file work_8.txt (compact mmCIF, C-alpha atoms)
# COMPACT_ATOMS: atom_id res chain seq x y z
CA ASN Y 1 217.37 179.21 2.15
CA ALA Y 2 216.56 182.76 3.12
CA GLY Y 3 219.95 184.18 2.23
CA VAL Y 4 222.04 186.46 4.41
CA MET Y 5 219.72 188.47 6.63
CA GLN Y 6 220.70 191.78 8.10
CA ASN Y 7 218.69 193.91 10.47
CA PRO Y 8 217.73 196.54 10.83
CA ARG Y 9 217.78 197.75 7.21
CA HIS Y 10 217.90 201.36 8.36
CA LEU Y 11 219.15 202.66 11.69
CA VAL Y 12 219.23 206.24 12.92
CA ARG Y 13 221.31 207.10 15.96
CA ARG Y 14 222.22 210.34 17.65
CA ARG Y 15 225.86 211.16 18.21
CA GLY Y 16 227.14 209.34 21.27
CA GLN Y 17 224.63 206.50 21.14
CA GLU Y 18 225.41 202.88 20.42
CA ALA Y 19 224.56 201.07 17.19
CA ARG Y 20 224.09 197.30 17.02
CA LEU Y 21 223.92 195.70 13.61
CA ARG Y 22 222.91 192.08 13.20
CA CYS Y 23 223.76 189.54 10.55
CA SER Y 24 222.36 186.03 10.24
CA PRO Y 25 224.43 184.07 7.72
CA MET Y 26 222.99 181.66 5.24
CA LYS Y 27 222.17 178.25 6.62
CA GLY Y 28 225.27 176.11 6.77
CA HIS Y 29 227.64 179.08 6.54
CA SER Y 30 230.11 179.46 9.38
CA HIS Y 31 232.21 182.32 8.00
CA VAL Y 32 231.04 185.92 8.29
CA TYR Y 33 232.60 189.10 6.89
CA TRP Y 34 231.66 192.69 7.62
CA TYR Y 35 232.23 195.53 5.16
CA ARG Y 36 231.55 199.25 5.32
CA GLN Y 37 230.55 201.32 2.30
CA LEU Y 38 230.67 205.09 2.46
CA PRO Y 39 228.50 207.02 -0.03
CA GLU Y 40 229.87 206.83 -3.57
CA GLU Y 41 232.75 204.59 -2.47
CA GLY Y 42 233.71 200.93 -2.60
CA LEU Y 43 233.36 198.43 0.20
CA LYS Y 44 236.04 198.36 2.89
CA PHE Y 45 236.78 195.11 4.68
CA MET Y 46 236.34 195.39 8.43
CA VAL Y 47 236.41 191.98 10.07
CA TYR Y 48 236.24 188.26 9.36
CA LEU Y 49 234.76 185.90 11.95
CA GLN Y 50 234.06 182.25 12.38
CA LYS Y 51 231.86 180.91 15.13
CA GLU Y 52 233.21 182.29 18.43
CA ASN Y 53 236.45 183.44 16.79
CA ILE Y 54 237.73 186.62 15.22
CA ILE Y 55 240.03 185.58 12.40
CA ASP Y 56 241.03 188.93 10.93
CA GLU Y 57 240.06 192.34 12.28
CA SER Y 58 242.70 194.31 10.42
CA GLY Y 59 240.07 196.60 8.84
CA MET Y 60 238.30 197.42 12.06
CA PRO Y 61 238.91 200.80 13.73
CA LYS Y 62 240.78 200.25 16.99
CA GLU Y 63 238.30 202.14 19.12
CA ARG Y 64 234.52 202.06 19.47
CA PHE Y 65 234.02 199.15 17.05
CA SER Y 66 233.67 195.50 18.01
CA ALA Y 67 232.28 192.37 16.43
CA GLU Y 68 231.25 188.95 17.59
CA PHE Y 69 229.82 185.77 16.16
CA PRO Y 70 228.57 183.65 19.05
CA LYS Y 71 227.95 179.94 18.98
CA GLU Y 72 224.23 180.62 18.86
CA GLY Y 73 222.59 183.58 17.20
CA PRO Y 74 223.60 186.21 14.67
CA SER Y 75 226.86 188.03 14.24
CA ILE Y 76 226.80 191.48 15.83
CA LEU Y 77 228.73 194.56 14.77
CA ARG Y 78 228.68 197.06 17.61
CA ILE Y 79 229.62 200.71 17.32
CA GLN Y 80 229.85 202.64 20.54
CA GLN Y 81 229.54 206.42 20.88
CA VAL Y 82 228.71 206.87 17.22
CA VAL Y 83 229.92 209.94 15.32
CA ARG Y 84 228.71 211.45 12.05
CA GLY Y 85 231.58 209.80 10.19
CA ASP Y 86 230.16 206.38 11.05
CA SER Y 87 227.21 207.05 8.74
CA ALA Y 88 227.51 204.42 6.02
CA ALA Y 89 226.05 201.20 4.69
CA TYR Y 90 227.33 198.16 6.54
CA PHE Y 91 227.23 194.91 4.62
CA CYS Y 92 227.65 191.43 5.95
CA ALA Y 93 228.64 188.46 3.79
CA SER Y 94 228.83 184.77 4.58
CA SER Y 95 230.39 181.67 3.08
CA PRO Y 96 230.53 177.98 4.02
CA PHE Y 97 234.33 177.92 3.75
CA THR Y 98 236.94 180.57 3.27
CA GLU Y 99 238.48 179.15 0.14
CA ASN Y 100 237.05 178.48 -3.28
CA THR Y 101 233.51 179.58 -2.54
CA GLU Y 102 231.44 182.63 -3.24
CA ALA Y 103 230.59 185.00 -0.41
CA PHE Y 104 226.94 186.04 -0.40
CA PHE Y 105 226.07 189.54 0.73
CA GLY Y 106 223.14 190.67 2.82
CA GLN Y 107 221.03 193.70 1.95
CA GLY Y 108 223.01 195.90 4.29
CA THR Y 109 222.19 198.19 7.19
CA ARG Y 110 222.19 201.88 6.43
CA LEU Y 111 223.34 203.72 9.53
CA THR Y 112 222.65 207.44 9.78
CA VAL Y 113 224.12 209.39 12.67
CA VAL Y 114 222.36 212.67 13.37
CA GLY I 115 247.88 195.29 2.88
CA GLU I 116 246.36 194.83 -0.53
CA ASN I 117 245.65 197.92 -2.65
CA VAL I 118 243.20 197.65 -5.53
CA GLU I 119 242.86 200.41 -8.10
CA GLN I 120 240.01 200.53 -10.60
CA HIS I 121 239.50 202.54 -13.78
CA PRO I 122 237.55 204.26 -15.14
CA SER I 123 235.33 205.66 -12.40
CA THR I 124 232.52 206.31 -14.88
CA LEU I 125 231.83 204.76 -18.25
CA SER I 126 229.07 205.49 -20.76
CA VAL I 127 228.51 203.27 -23.77
CA GLN I 128 225.86 202.92 -26.43
CA GLU I 129 223.63 199.90 -26.21
CA GLY I 130 225.24 197.03 -28.06
CA ASP I 131 228.79 198.29 -27.61
CA SER I 132 231.38 196.69 -25.34
CA ALA I 133 232.51 197.94 -21.95
CA VAL I 134 235.90 197.29 -20.37
CA ILE I 135 236.84 197.95 -16.76
CA LYS I 136 240.40 197.50 -15.52
CA CYS I 137 241.86 196.85 -12.09
CA THR I 138 245.33 196.49 -10.64
CA TYR I 139 246.35 194.97 -7.33
CA SER I 140 249.50 195.09 -5.24
CA ASP I 141 249.77 191.87 -3.24
CA SER I 142 251.18 188.96 -5.24
CA ALA I 143 249.64 186.57 -2.64
CA SER I 144 246.11 187.43 -3.80
CA ASN I 145 244.62 184.48 -5.63
CA TYR I 146 240.92 185.20 -6.02
CA PHE I 147 239.45 188.05 -8.05
CA PRO I 148 235.66 188.49 -8.09
CA TRP I 149 233.61 191.15 -9.81
CA TYR I 150 230.44 192.50 -8.23
CA LYS I 151 227.54 194.45 -9.68
CA GLN I 152 225.68 196.81 -7.38
CA GLU I 153 222.46 198.54 -8.29
CA LEU I 154 221.40 201.63 -6.39
CA GLY I 155 220.48 200.83 -2.80
CA LYS I 156 221.01 197.10 -3.25
CA ARG I 157 223.52 194.49 -2.19
CA PRO I 158 226.62 193.68 -4.25
CA GLN I 159 226.05 190.62 -6.37
CA LEU I 160 228.77 188.43 -7.79
CA ILE I 161 228.74 188.35 -11.59
CA ILE I 162 231.97 186.51 -12.34
CA ASP I 163 235.18 185.53 -10.62
CA ILE I 164 238.58 184.20 -11.56
CA ARG I 165 241.28 182.38 -9.66
CA SER I 166 244.98 182.75 -10.11
CA ASN I 167 245.47 179.47 -11.90
CA VAL I 168 243.28 180.67 -14.79
CA GLY I 169 244.02 183.46 -17.29
CA GLU I 170 240.56 184.00 -18.70
CA LYS I 171 236.99 183.06 -17.91
CA LYS I 172 233.81 183.71 -19.86
CA ASP I 173 230.14 183.53 -18.99
CA GLN I 174 227.84 184.54 -21.85
CA ARG I 175 228.36 188.28 -22.40
CA ILE I 176 230.78 188.68 -19.52
CA ALA I 177 234.46 187.79 -19.51
CA VAL I 178 237.33 188.39 -17.13
CA THR I 179 241.05 188.25 -17.86
CA LEU I 180 243.89 188.01 -15.35
CA ASN I 181 247.56 188.80 -15.79
CA LYS I 182 249.33 187.72 -12.62
CA THR I 183 252.73 188.91 -13.75
CA ALA I 184 251.49 192.44 -14.29
CA LYS I 185 248.99 192.18 -11.39
CA HIS I 186 246.02 193.37 -13.35
CA PHE I 187 242.63 191.98 -14.28
CA SER I 188 239.83 193.24 -16.46
CA LEU I 189 236.09 192.85 -16.93
CA HIS I 190 234.66 192.80 -20.43
CA ILE I 191 230.95 193.13 -21.13
CA THR I 192 229.89 192.64 -24.74
CA GLU I 193 226.59 193.58 -26.40
CA THR I 194 225.70 195.84 -23.50
CA GLN I 195 222.07 196.33 -22.54
CA PRO I 196 220.39 199.07 -20.49
CA GLU I 197 219.96 196.65 -17.60
CA ASP I 198 223.75 196.38 -17.39
CA SER I 199 223.76 199.94 -16.02
CA ALA I 200 225.05 199.76 -12.43
CA VAL I 201 228.20 200.23 -10.38
CA TYR I 202 230.78 197.48 -10.88
CA PHE I 203 233.42 196.64 -8.31
CA CYS I 204 236.51 194.54 -8.72
CA ALA I 205 238.06 192.88 -5.69
CA ALA I 206 241.12 190.89 -4.71
CA SER I 207 241.50 188.44 -1.87
CA SER I 208 243.68 189.01 1.16
CA ARG I 209 246.35 186.76 2.61
CA THR I 210 244.04 185.57 5.39
CA GLY I 211 241.29 184.17 3.24
CA ALA I 212 239.75 184.15 -0.20
CA ASN I 213 236.67 186.03 0.96
CA ASN I 214 238.48 188.78 2.87
CA LEU I 215 238.19 191.05 -0.11
CA PHE I 216 239.80 194.35 -0.95
CA PHE I 217 237.53 196.28 -3.30
CA GLY I 218 238.25 198.81 -6.00
CA THR I 219 236.47 202.15 -5.86
CA GLY I 220 233.89 201.17 -8.44
CA THR I 221 232.93 202.02 -12.01
CA ARG I 222 229.55 203.53 -12.73
CA LEU I 223 228.48 202.06 -16.06
CA THR I 224 225.69 203.73 -18.02
CA VAL I 225 224.35 202.01 -21.11
CA ILE I 226 222.56 204.48 -23.34
CA PRO I 227 219.61 203.00 -25.24
call {"tool": "encode", "arguments": {"input": "work_8.txt", "output": "C-alpha cells"}}
result
Amino acid sequence: NAGVMQNPRHLVRRRGQEARLRCSPMKGHSHVYWYRQLPEEGLKFMVYLQKENIIDESGMPKERFSAEFPKEGPSILRIQQVVRGDSAAYFCASSPFTENTEAFFGQGTRLTVV
Amino acid sequence: GENVEQHPSTLSVQEGDSAVIKCTYSDSASNYFPWYKQELGKRPQLIIDIRSNVGEKKDQRIAVTLNKTAKHFSLHITETQPEDSAVYFCAASSRTGANNLFFGTGTRLTVIP
C-alpha cells in the first residue's frame, strides 16, 4: 500500500493563475479530507469528500476554491486566480470510514504564489 | 464550529524529563481527540488518540488524558529523547465526522540532550 499520494510536492504559480492539487487516497479508502497549513500554524480543515460527493465544505473559502473526488481518479483541490495569501502547504488525508479509524496524511503540496 | 486552543506554543525540556501539552475544545459533540507529531517539512503523523468514552490512554512513553466535563485533554511524554523534538498538534473531531478535525496551533517541543 503506497499510502496517500499527493502531487505535485511543490507548485509555483503566478498571481492570477490556477493551481490544481491532486490526492490519491490509500487503497480501499473512500473518504478524503483536505487541510491547509500556513507557515508556523496548525492545519485548518477545508473540505471532506466521499466518492462523487462533498460531505462538508464548511472550511472552504466561498470563492476561487473548489474540490472534487470523482468516481475514478484522484481527488482534486482547485484554486482559481491564486493570490499570495494562498501560499501554504495543502495536506490531504484519507480514511476507509469516517468513524473510529485513523486518517492518514499525504506528504502535502507546498504552493508558492509569486 | 469547534475551537481548539493549545498551550504552550513552545516547550523546552532536558532529555529524560517529562513534557506536558494541554488543549481545550469548545464543542461538547466532539468525541475523537488525536495527537499528531510533525517534523519539519513532513506530514503530520498520528502518535496517539483517545475517544470520549475513555479517560486515559497510554502507549509506552506517551499518554493522553481526557476530561469531557471540563473539555480539555492533555498529552504527556515521559523520559523524553532528542528524537521527540518536533511540533505536536492536538485535534478534536467535528460534528460531521470523526476525521473532520479541528487542530490546535501546535507546540514546538525541543528536547535538549
call {"tool": "interface_residues", "arguments": {"input": "work_8.txt", "of": "chain Y", "to": "chain I", "cutoff": "12 Å", "atoms": "all atoms listed in the file", "output": "PyMOL selection string"}}
result
chain Y and resi 3-6+9-10+31-50+54-59+88-110
call {"tool": "atom_distance", "arguments": {"input": "work_8.txt", "atom1": "CA of Tyr139 in chain I", "atom2": "CA of Leu180 in chain I"}}
result
10.9 Å
call {"tool": "atom_distance", "arguments": {"input": "work_8.txt", "atom1": "CA of Gly16 in chain Y", "atom2": "CA of Leu77 in chain Y"}}
result
16.2 Å
call {"tool": "residues_around", "arguments": {"input": "work_8.txt", "residues": "Ala19 in chain Y", "least_positions_apart": "5", "cutoff": "10 Å", "atoms": "only C-alpha atoms", "output": "short mmCIF file (atom, residue, chain, number, x, y, z; two decimals) with C-alpha atoms, keeping the file's coordinate frame"}}
result
data_model
loop_
_atom_site.label_atom_id
_atom_site.label_comp_id
_atom_site.auth_asym_id
_atom_site.auth_seq_id
_atom_site.Cartn_x
_atom_site.Cartn_y
_atom_site.Cartn_z
CA LEU Y 11 219.15 202.66 11.69
CA VAL Y 12 219.23 206.24 12.92
CA ARG Y 13 221.31 207.10 15.96
CA ARG Y 14 222.22 210.34 17.65
CA PHE Y 65 234.02 199.15 17.05
CA ILE Y 76 226.80 191.48 15.83
CA LEU Y 77 228.73 194.56 14.77
CA ARG Y 78 228.68 197.06 17.61
CA ILE Y 79 229.62 200.71 17.32
CA GLN Y 80 229.85 202.64 20.54
CA GLN Y 81 229.54 206.42 20.88
CA VAL Y 82 228.71 206.87 17.22
CA ASP Y 86 230.16 206.38 11.05
CA LEU Y 111 223.34 203.72 9.53
CA THR Y 112 222.65 207.44 9.78
CA VAL Y 113 224.12 209.39 12.67
#
call {"tool": "residues_around", "arguments": {"input": "work_8.txt", "residues": "range 168-178 of chain I", "least_positions_apart": "6", "cutoff": "12 Å", "atoms": "all atoms listed in the file", "output": "number ranges by chain"}}
result
I: 130-137, 145-151, 160-162, 185-195, 198, 204
call {"tool": "atom_distance", "arguments": {"input": "work_8.txt", "atom1": "CA of Met60 in chain Y", "atom2": "CA of Thr138 in chain I"}}
result
23.8 Å
call {"tool": "axis_aligned_box", "arguments": {"input": "work_8.txt", "around": "range 100-110 of chain Y", "padding_each_side": "8 Å", "output": "AutoDock Vina command-line options"}}
result
--center_x 229.0 --center_y 190.2 --center_z 2.0 --size_x 32.0 --size_y 39.4 --size_z 26.5
call {"tool": "closest_residue", "arguments": {"input": "work_8.txt", "among": "Y:Gln17, Y:Val114, Y:Glu52, Y:Gly28", "to": "Lys71 in chain Y", "atoms": "all atoms listed in the file"}}
result
Y:Glu52
call {"tool": "residues_around", "arguments": {"input": "work_8.txt", "residues": "Ile226 in chain I", "least_positions_apart": "5", "cutoff": "8 Å", "atoms": "all atoms listed in the file", "output": "list in words"}}
result
Ser126, Val127, Gln128, Glu129 and Pro196 of chain I
call {"tool": "write_last_selection", "arguments": {"input": "work_8.txt", "atoms": "C-alpha atoms", "output": "PDB file, keeping the file's coordinate frame"}}
result
ATOM      1  CA  SER I 126     229.070 205.490 -20.760  1.00  0.00           C
ATOM      2  CA  VAL I 127     228.510 203.270 -23.770  1.00  0.00           C
ATOM      3  CA  GLN I 128     225.860 202.920 -26.430  1.00  0.00           C
ATOM      4  CA  GLU I 129     223.630 199.900 -26.210  1.00  0.00           C
ATOM      5  CA  PRO I 196     220.390 199.070 -20.490  1.00  0.00           C
TER       6      PRO I 196
END
